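Q: Just one file: coords-v4.cif, with mmCIF, C-alpha atoms and all ligand atoms.
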data_upload
loop_
_atom_site.label_atom_id
_atom_site.label_comp_id
_atom_site.auth_asym_id
_atom_site.auth_seq_id
_atom_site.Cartn_x
_atom_site.Cartn_y
_atom_site.Cartn_z
CA MET A 1 83.22 159.35 96.27
CA ALA A 2 86.44 157.66 97.37
CA VAL A 3 89.13 156.14 95.18
CA GLU A 4 89.06 152.40 95.85
CA ARG A 5 90.84 149.25 94.72
CA THR A 6 89.03 146.04 93.88
CA LEU A 7 90.09 142.55 92.83
CA SER A 8 88.95 141.42 89.41
CA ILE A 9 89.42 137.91 88.06
CA ILE A 10 88.77 136.82 84.51
CA LYS A 11 87.87 133.22 85.33
CA PRO A 12 89.04 130.13 83.35
CA ASP A 13 85.90 130.21 81.15
CA GLY A 14 86.64 133.82 80.14
CA VAL A 15 90.27 133.01 79.33
CA ARG A 16 89.14 129.96 77.31
CA LYS A 17 86.58 132.06 75.41
CA LYS A 18 89.32 134.59 74.51
CA VAL A 19 87.49 137.57 75.99
CA ILE A 20 90.35 138.90 78.16
CA GLY A 21 90.71 141.83 75.77
CA GLU A 22 86.97 142.57 75.64
CA VAL A 23 86.71 142.57 79.43
CA ILE A 24 89.79 144.73 79.98
CA LYS A 25 88.53 147.18 77.34
CA ARG A 26 85.39 147.74 79.43
CA PHE A 27 87.45 148.43 82.55
CA GLU A 28 89.78 150.83 80.78
CA SER A 29 87.02 152.72 79.00
CA ASN A 30 85.16 153.09 82.30
CA ASN A 31 88.08 154.62 84.18
CA LEU A 32 89.02 151.53 86.13
CA LYS A 33 92.83 151.49 85.95
CA ILE A 34 94.72 148.22 86.05
CA VAL A 35 97.27 148.64 88.85
CA ALA A 36 98.29 144.96 89.06
CA ALA A 37 97.82 141.97 86.74
CA LYS A 38 99.00 138.42 86.21
CA LEU A 39 97.89 135.22 84.53
CA ILE A 40 97.89 132.41 87.09
CA HIS A 41 96.68 128.83 87.43
CA MET A 42 95.31 128.72 91.00
CA SER A 43 96.29 125.86 93.27
CA LYS A 44 93.54 124.14 95.26
CA GLU A 45 94.88 125.76 98.46
CA GLN A 46 94.92 129.23 96.90
CA ALA A 47 91.35 128.75 95.62
CA GLU A 48 90.05 127.43 98.95
CA GLY A 49 91.57 130.42 100.75
CA PHE A 50 90.06 132.83 98.24
CA TYR A 51 86.57 131.27 98.43
CA ALA A 52 86.71 130.54 102.21
CA VAL A 53 83.52 132.63 102.76
CA HIS A 54 81.63 130.09 100.62
CA LYS A 55 82.94 127.01 102.48
CA GLU A 56 79.52 126.00 103.81
CA ARG A 57 77.67 126.52 100.53
CA PRO A 58 76.57 123.45 98.52
CA PHE A 59 78.47 124.55 95.40
CA PHE A 60 81.84 125.01 97.21
CA GLY A 61 83.47 121.86 95.78
CA GLU A 62 82.29 122.64 92.24
CA VAL A 63 83.43 126.23 92.35
CA ILE A 64 86.93 125.19 93.53
CA GLU A 65 87.13 122.66 90.71
CA PHE A 66 86.03 125.28 88.20
CA ILE A 67 88.34 128.10 89.31
CA THR A 68 91.34 125.71 89.32
CA SER A 69 90.44 124.22 85.91
CA GLY A 70 92.72 126.52 83.91
CA PRO A 71 94.48 129.87 83.93
CA CYS A 72 92.78 133.02 85.23
CA MET A 73 93.72 136.67 84.81
CA VAL A 74 93.86 138.31 88.25
CA MET A 75 93.91 142.09 88.43
CA ALA A 76 93.67 144.91 90.91
CA LEU A 77 91.56 147.78 89.53
CA GLU A 78 91.62 151.30 90.90
CA GLY A 79 89.17 154.16 90.50
CA GLU A 80 86.42 156.24 92.08
CA ASP A 81 83.85 153.89 93.63
CA ALA A 82 85.69 151.00 91.93
CA ILE A 83 84.05 148.16 93.89
CA LYS A 84 80.47 149.07 93.01
CA ARG A 85 81.26 150.24 89.48
CA ASN A 86 83.12 147.02 88.66
CA ARG A 87 80.15 144.95 89.88
CA ALA A 88 77.79 147.08 87.77
CA LEU A 89 79.94 146.38 84.68
CA MET A 90 79.95 142.64 85.56
CA GLY A 91 76.16 142.23 85.97
CA ALA A 92 74.27 139.72 88.13
CA THR A 93 75.91 136.44 89.26
CA ASN A 94 73.50 134.46 87.08
CA PRO A 95 73.96 135.66 83.48
CA ALA A 96 70.30 134.89 82.75
CA GLU A 97 69.45 137.69 85.21
CA ALA A 98 72.24 140.07 84.19
CA GLU A 99 71.32 143.37 82.59
CA ALA A 100 71.92 143.67 78.84
CA GLY A 101 75.32 145.10 78.01
CA THR A 102 77.02 143.76 81.15
CA ILE A 103 80.04 141.45 80.91
CA ARG A 104 78.13 138.45 82.23
CA ALA A 105 75.10 139.04 79.98
CA ASP A 106 77.40 139.30 76.97
CA PHE A 107 79.93 136.52 77.65
CA ALA A 108 78.86 134.17 80.48
CA SER A 109 77.14 130.83 80.00
CA ASP A 110 75.73 129.97 83.46
CA ILE A 111 75.79 130.82 87.17
CA GLN A 112 79.07 128.98 87.69
CA CYS A 113 80.85 129.83 84.46
CA ASN A 114 80.22 133.55 84.79
CA VAL A 115 83.51 134.90 83.33
CA VAL A 116 84.42 137.42 86.03
CA HIS A 117 84.80 137.88 89.76
CA GLY A 118 84.69 141.25 91.52
CA SER A 119 85.17 142.05 95.21
CA ASP A 120 81.93 143.00 96.97
CA ALA A 121 83.12 145.34 99.79
CA PRO A 122 86.24 147.28 100.89
CA GLU A 123 87.21 144.60 103.45
CA THR A 124 86.90 141.73 100.96
CA ALA A 125 88.76 143.77 98.31
CA ALA A 126 91.71 144.31 100.68
CA PHE A 127 91.77 140.61 101.65
CA GLU A 128 91.45 139.39 98.04
CA ILE A 129 94.09 141.75 96.60
CA GLY A 130 96.50 140.68 99.37
CA HIS A 131 95.72 137.03 98.63
CA PHE A 132 97.14 137.35 95.09
CA PHE A 133 99.52 140.33 95.07
CA ALA A 134 102.50 141.47 97.12
CA ASP A 135 102.64 145.23 97.76
CA ASN A 136 105.51 145.64 95.27
CA GLU A 137 103.39 144.06 92.49
CA ILE A 138 100.83 146.89 92.72
CA GLN A 139 101.61 150.10 90.84
CA ASN A 140 100.90 153.62 92.03
CA ILE A 141 99.75 155.14 88.76
CA ILE A 142 99.55 158.89 88.97
CA TRP A 143 98.02 159.89 85.61
CA ASP A 144 94.25 160.14 84.95
P1 LIG A 201 81.97 136.52 92.38
O1 LIG A 201 82.23 136.35 93.87
O2 LIG A 201 82.58 135.44 91.53
O3 LIG A 201 82.25 137.90 91.89
P2 LIG A 201 79.23 136.93 92.96
O4 LIG A 201 79.72 137.77 94.09
O5 LIG A 201 78.31 137.55 91.96
O6 LIG A 201 80.41 136.31 92.15
P3 LIG A 201 78.88 134.80 94.89
O7 LIG A 201 77.58 134.58 95.58
O8 LIG A 201 79.98 135.45 95.64
O9 LIG A 201 78.55 135.61 93.54
O10 LIG A 201 79.37 133.39 94.32
C1 LIG A 201 80.73 133.16 94.01
C2 LIG A 201 80.82 132.32 92.76
O11 LIG A 201 80.37 131.00 93.05
C3 LIG A 201 79.94 132.78 91.60
O12 LIG A 201 80.51 133.78 90.82
C4 LIG A 201 79.80 131.49 90.80
O13 LIG A 201 80.95 131.23 90.01
C5 LIG A 201 79.69 130.46 91.92
N1 LIG A 201 78.28 130.22 92.27
C6 LIG A 201 77.44 131.04 92.92
N2 LIG A 201 76.22 130.50 93.08
C7 LIG A 201 76.29 129.27 92.48
C8 LIG A 201 75.39 128.20 92.30
N3 LIG A 201 74.15 128.26 92.76
N4 LIG A 201 75.82 127.11 91.64
C9 LIG A 201 77.10 127.02 91.18
N5 LIG A 201 78.01 127.99 91.33
C10 LIG A 201 77.63 129.11 91.96
MG MG A 202 81.21 137.13 95.50
#
Kindly transcribe the structure held in the file into structure tokens.
A:
Amino acid sequence: MAVERTLSIIKPDGVRKKVIGEVIKRFESNNLKIVAAKLIHMSKEQAEGFYAVHKERPFFGEVIEFITSGPCMVMALEGEDAIKRNRALMGATNPAEAEAGTIRADFASDIQCNVVHGSDAPETAAFEIGHFFADNEIQNIIWD
């Protein structure tokens, strides 16, 4: 299995619910290393660029409003099979369908306010990490 990087966002609902620590604890205890992190309040333009793949979907306007409604914690995570493993820790998009013990089952309230984002493929991970981080904001951590 390859070492990958993935973009994780703790969305405004997660920051508001004060679960940044709980979420990061799950990443760290599952060998997903934080190699970049910052707390940002996304501009409309930044959000529209990030969610450009969803432009045609009926919830696009709502999701932009939500993701720009307050600060988010954006992170790049690194580890073996990081993209898939992060999504397994997150659980299904709709928390009502998320497996018990996942981040969304434990902390999310509905399909929109679902606490976390995780990249879904290597190409989207590369695009999304580059959307929020310059190369010199990403650390090359060498310890296990
Ligand atoms: P994310 O991309 O945030 O990791 P995901 O890949 O599980 O979530 P997507 O289908 O990519 O789900 O949807 C992106 C985001 O748009 C969702 O996380 C959620 O916040 C919002 N969203 C998805 N479906 C709906 C919907 N039916 N109504 C409102 N918001 C939605
Ligand atoms: Mg997605």
Q: Please find the residues contacting ligand MG 202 (chain A) at a distance of at most 9 Å between atoms, with all atoms listed in the file counted, and report them as a PyMOL selection string.
A: chain A and resi 51+53-54+93+117-120
Q: Using all atoms listed in the file, I'd like a table of the residues in chain A that come within 10 Å of ligand LIG 201 (chain A); for each, show the closest atom pair and its distance in Å rounded to one decimal, ordered by chain and ascending number, as JSON lines.
A:
{"residue": "A:Leu7", "atom": "CA", "partner": "A:LIG201", "partner_atom": "O3", "distance": 9.2}
{"residue": "A:Ser8", "atom": "CA", "partner": "A:LIG201", "partner_atom": "O3", "distance": 8.0}
{"residue": "A:Ile9", "atom": "CA", "partner": "A:LIG201", "partner_atom": "O2", "distance": 8.1}
{"residue": "A:Ile10", "atom": "CA", "partner": "A:LIG201", "partner_atom": "O2", "distance": 9.5}
{"residue": "A:Lys11", "atom": "CA", "partner": "A:LIG201", "partner_atom": "O2", "distance": 8.4}
{"residue": "A:Phe50", "atom": "CA", "partner": "A:LIG201", "partner_atom": "O1", "distance": 9.6}
{"residue": "A:Tyr51", "atom": "CA", "partner": "A:LIG201", "partner_atom": "C1", "distance": 7.6}
{"residue": "A:Val53", "atom": "CA", "partner": "A:LIG201", "partner_atom": "O8", "distance": 8.4}
{"residue": "A:His54", "atom": "CA", "partner": "A:LIG201", "partner_atom": "C1", "distance": 7.3}
{"residue": "A:Arg57", "atom": "CA", "partner": "A:LIG201", "partner_atom": "N2", "distance": 8.6}
{"residue": "A:Pro58", "atom": "CA", "partner": "A:LIG201", "partner_atom": "N4", "distance": 7.8}
{"residue": "A:Phe59", "atom": "CA", "partner": "A:LIG201", "partner_atom": "C9", "distance": 5.1}
{"residue": "A:Phe60", "atom": "CA", "partner": "A:LIG201", "partner_atom": "O11", "distance": 7.4}
{"residue": "A:Gly61", "atom": "CA", "partner": "A:LIG201", "partner_atom": "N5", "distance": 9.3}
{"residue": "A:Glu62", "atom": "CA", "partner": "A:LIG201", "partner_atom": "C9", "distance": 6.9}
{"residue": "A:Val63", "atom": "CA", "partner": "A:LIG201", "partner_atom": "C5", "distance": 5.7}
{"residue": "A:Ile64", "atom": "CA", "partner": "A:LIG201", "partner_atom": "O11", "distance": 8.8}
{"residue": "A:Phe66", "atom": "CA", "partner": "A:LIG201", "partner_atom": "O13", "distance": 8.0}
{"residue": "A:Ile67", "atom": "CA", "partner": "A:LIG201", "partner_atom": "O13", "distance": 8.1}
{"residue": "A:Asn86", "atom": "CA", "partner": "A:LIG201", "partner_atom": "O3", "distance": 9.7}
{"residue": "A:Arg87", "atom": "CA", "partner": "A:LIG201", "partner_atom": "O3", "distance": 7.6}
{"residue": "A:Met90", "atom": "CA", "partner": "A:LIG201", "partner_atom": "O3", "distance": 8.2}
{"residue": "A:Gly91", "atom": "CA", "partner": "A:LIG201", "partner_atom": "O5", "distance": 7.9}
{"residue": "A:Ala92", "atom": "CA", "partner": "A:LIG201", "partner_atom": "O5", "distance": 6.0}
{"residue": "A:Thr93", "atom": "CA", "partner": "A:LIG201", "partner_atom": "O5", "distance": 3.8}
{"residue": "A:Asn94", "atom": "CA", "partner": "A:LIG201", "partner_atom": "O5", "distance": 7.5}
{"residue": "A:Pro95", "atom": "CA", "partner": "A:LIG201", "partner_atom": "O5", "distance": 9.7}
{"residue": "A:Arg104", "atom": "CA", "partner": "A:LIG201", "partner_atom": "O5", "distance": 9.8}
{"residue": "A:Asp110", "atom": "CA", "partner": "A:LIG201", "partner_atom": "C9", "distance": 8.4}
{"residue": "A:Ile111", "atom": "CA", "partner": "A:LIG201", "partner_atom": "C10", "distance": 5.4}
{"residue": "A:Gln112", "atom": "CA", "partner": "A:LIG201", "partner_atom": "O13", "distance": 3.7}
{"residue": "A:Cys113", "atom": "CA", "partner": "A:LIG201", "partner_atom": "O13", "distance": 5.7}
{"residue": "A:Asn114", "atom": "CA", "partner": "A:LIG201", "partner_atom": "O13", "distance": 5.8}
{"residue": "A:Val115", "atom": "CA", "partner": "A:LIG201", "partner_atom": "O13", "distance": 8.0}
{"residue": "A:Val116", "atom": "CA", "partner": "A:LIG201", "partner_atom": "O2", "distance": 6.1}
{"residue": "A:His117", "atom": "CA", "partner": "A:LIG201", "partner_atom": "O3", "distance": 3.3}
{"residue": "A:Gly118", "atom": "CA", "partner": "A:LIG201", "partner_atom": "O3", "distance": 4.2}
{"residue": "A:Ser119", "atom": "CA", "partner": "A:LIG201", "partner_atom": "O3", "distance": 6.1}
{"residue": "A:Asp120", "atom": "CA", "partner": "A:LIG201", "partner_atom": "O4", "distance": 6.4}
Q: Counting only C-alpha atoms, find residues at most 10 Å from (87.9, 152.1, 84.4) (file frame) and give them as a list in words.
A: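 Residues lying no farther than 10 Å from the given point: Ile24, Lys25, Arg26, Phe27, Glu28, Ser29, Asn30, Asn31, Leu32, Lys33, Ile34, Leu77, Glu78, Gly79, Glu80, Ala82, Arg85, Asn86 and Leu89 of chain A.
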Q: So which one's closest to Asn140 (chain A), A:Ala52, A:His41, A:Ala76, A:Ala47? Using only C-alpha atoms, please.
A: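 Among the listed residues, the smallest separation from Asn140 (chain A) belongs to A:Ala76.
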Q: Given the choices A:Gly130, A:Val74, A:Asp144, A:Met42, which gets closest to Ile20 (chain A) if the distance is worked out from all atoms listed in the file?
A: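 Smallest distance to Ile20 (chain A) is found for A:Val74.
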Q: Using all atoms listed in the file, determine which residues lie at most 9 Å from Glu128 (chain A), disregarding the query and same-chain residues fewer than 3 positions distant; provide the list as a PyMOL selection string.
A: chain A and resi 6-7+50+119+123-125+131-133
Q: Closest to Ala2 (chain A) among A:Phe107, A:Lys44, A:Ile83, A:Trp143, using only C-alpha atoms?
A: A:Ile83
Q: With distances taken over all atoms listed in the file, which residue among A:Lys55, A:Ser43, A:Cys72, A:Ala36 lies nearest Pro12 (chain A)?
A: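 Using all atoms listed in the file, Pro12 (chain A) sits closest to A:Cys72.
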Q: One decimal, in Å: what's the spacing between CA of Ile103 (chain A) and CA of Val23 (chain A)?
A: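 About the pair CA of Ile103 (chain A) and CA of Val23 (chain A): they are 6.9 Å apart.
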Q: How far is it from CA of Ile142 (chain A) to CA of Val3 (chain A), in Å with one decimal?
A: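 According to the coordinates, CA of Ile142 (chain A) and CA of Val3 (chain A) are separated by 12.4 Å.
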Q: Could you check how far CA of Pro122 (chain A) sits from CA of Ala105 (chain A), in Å to one decimal?
A: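 Those two atoms sit 25.1 Å apart.
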Q: When distances are computed from all atoms listed in the file, which of A:Glu56, A:Glu22, A:Asp13, A:Asp81 shows the smallest separation from Met1 (chain A)?
A: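 Result for the nearest residue to Met1 (chain A): A:Asp81.
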Q: Will you model all heavy atoms for region 123-134 of chain A and pass it back as a short mmCIF file (atom, residue, chain, number, x, y, z; two decimals), in the coordinates of the input?
A:
data_model
loop_
_atom_site.label_atom_id
_atom_site.label_comp_id
_atom_site.auth_asym_id
_atom_site.auth_seq_id
_atom_site.Cartn_x
_atom_site.Cartn_y
_atom_site.Cartn_z
N GLU A 123 86.45 145.58 102.65
CA GLU A 123 87.21 144.60 103.45
C GLU A 123 87.56 143.37 102.60
O GLU A 123 88.68 142.86 102.68
CB GLU A 123 86.40 144.10 104.66
CG GLU A 123 85.85 145.20 105.57
CD GLU A 123 84.69 145.99 104.95
OE1 GLU A 123 83.78 145.35 104.40
OE2 GLU A 123 84.73 147.23 105.01
N THR A 124 86.61 142.90 101.78
CA THR A 124 86.90 141.73 100.96
C THR A 124 87.90 142.11 99.86
O THR A 124 88.77 141.32 99.51
CB THR A 124 85.63 141.10 100.36
OG1 THR A 124 84.81 142.12 99.81
CG2 THR A 124 84.83 140.33 101.39
N ALA A 125 87.81 143.33 99.35
CA ALA A 125 88.76 143.77 98.31
C ALA A 125 90.18 143.75 98.88
O ALA A 125 91.10 143.23 98.23
CB ALA A 125 88.39 145.17 97.82
N ALA A 126 90.37 144.27 100.09
CA ALA A 126 91.71 144.31 100.68
C ALA A 126 92.23 142.88 100.91
O ALA A 126 93.38 142.57 100.58
CB ALA A 126 91.67 145.08 102.00
N PHE A 127 91.37 142.01 101.42
CA PHE A 127 91.77 140.61 101.65
C PHE A 127 92.13 139.94 100.32
O PHE A 127 93.17 139.28 100.19
CB PHE A 127 90.64 139.83 102.35
CG PHE A 127 90.83 138.34 102.29
CD1 PHE A 127 91.77 137.71 103.10
CD2 PHE A 127 90.10 137.57 101.38
CE1 PHE A 127 91.97 136.33 103.02
CE2 PHE A 127 90.30 136.19 101.29
CZ PHE A 127 91.24 135.57 102.11
N GLU A 128 91.27 140.10 99.31
CA GLU A 128 91.45 139.39 98.04
C GLU A 128 92.68 139.89 97.27
O GLU A 128 93.42 139.10 96.69
CB GLU A 128 90.19 139.55 97.18
CG GLU A 128 89.01 138.78 97.77
CD GLU A 128 87.69 139.04 97.04
OE1 GLU A 128 87.66 139.86 96.09
OE2 GLU A 128 86.69 138.41 97.41
N ILE A 129 92.91 141.21 97.29
CA ILE A 129 94.09 141.75 96.60
C ILE A 129 95.35 141.20 97.28
O ILE A 129 96.28 140.72 96.62
CB ILE A 129 94.07 143.29 96.55
CG1 ILE A 129 92.94 143.78 95.63
CG2 ILE A 129 95.42 143.85 96.08
CD1 ILE A 129 92.66 145.27 95.69
N GLY A 130 95.35 141.20 98.62
CA GLY A 130 96.50 140.68 99.37
C GLY A 130 96.71 139.19 99.19
O GLY A 130 97.81 138.68 99.36
N HIS A 131 95.63 138.48 98.84
CA HIS A 131 95.72 137.03 98.63
C HIS A 131 96.52 136.71 97.36
O HIS A 131 97.13 135.66 97.25
CB HIS A 131 94.29 136.47 98.52
CG HIS A 131 94.20 134.98 98.61
ND1 HIS A 131 94.48 134.28 99.76
CD2 HIS A 131 93.84 134.05 97.69
CE1 HIS A 131 94.30 132.98 99.53
NE2 HIS A 131 93.92 132.82 98.29
N PHE A 132 96.48 137.63 96.38
CA PHE A 132 97.14 137.35 95.09
C PHE A 132 98.35 138.23 94.78
O PHE A 132 99.15 137.88 93.92
CB PHE A 132 96.12 137.48 93.95
CG PHE A 132 95.06 136.42 93.98
CD1 PHE A 132 93.76 136.72 94.35
CD2 PHE A 132 95.37 135.09 93.68
CE1 PHE A 132 92.77 135.74 94.39
CE2 PHE A 132 94.41 134.10 93.73
CZ PHE A 132 93.11 134.41 94.09
N PHE A 133 98.45 139.40 95.43
CA PHE A 133 99.52 140.33 95.07
C PHE A 133 100.31 140.79 96.29
O PHE A 133 99.72 141.13 97.32
CB PHE A 133 98.95 141.57 94.38
CG PHE A 133 98.32 141.29 93.03
CD1 PHE A 133 96.94 141.24 92.90
CD2 PHE A 133 99.11 141.06 91.91
CE1 PHE A 133 96.34 140.98 91.67
CE2 PHE A 133 98.54 140.79 90.68
CZ PHE A 133 97.15 140.74 90.55
N ALA A 134 101.64 140.83 96.13
CA ALA A 134 102.50 141.47 97.12
C ALA A 134 102.43 142.98 96.89
O ALA A 134 102.10 143.42 95.77
CB ALA A 134 103.93 140.99 96.94
#
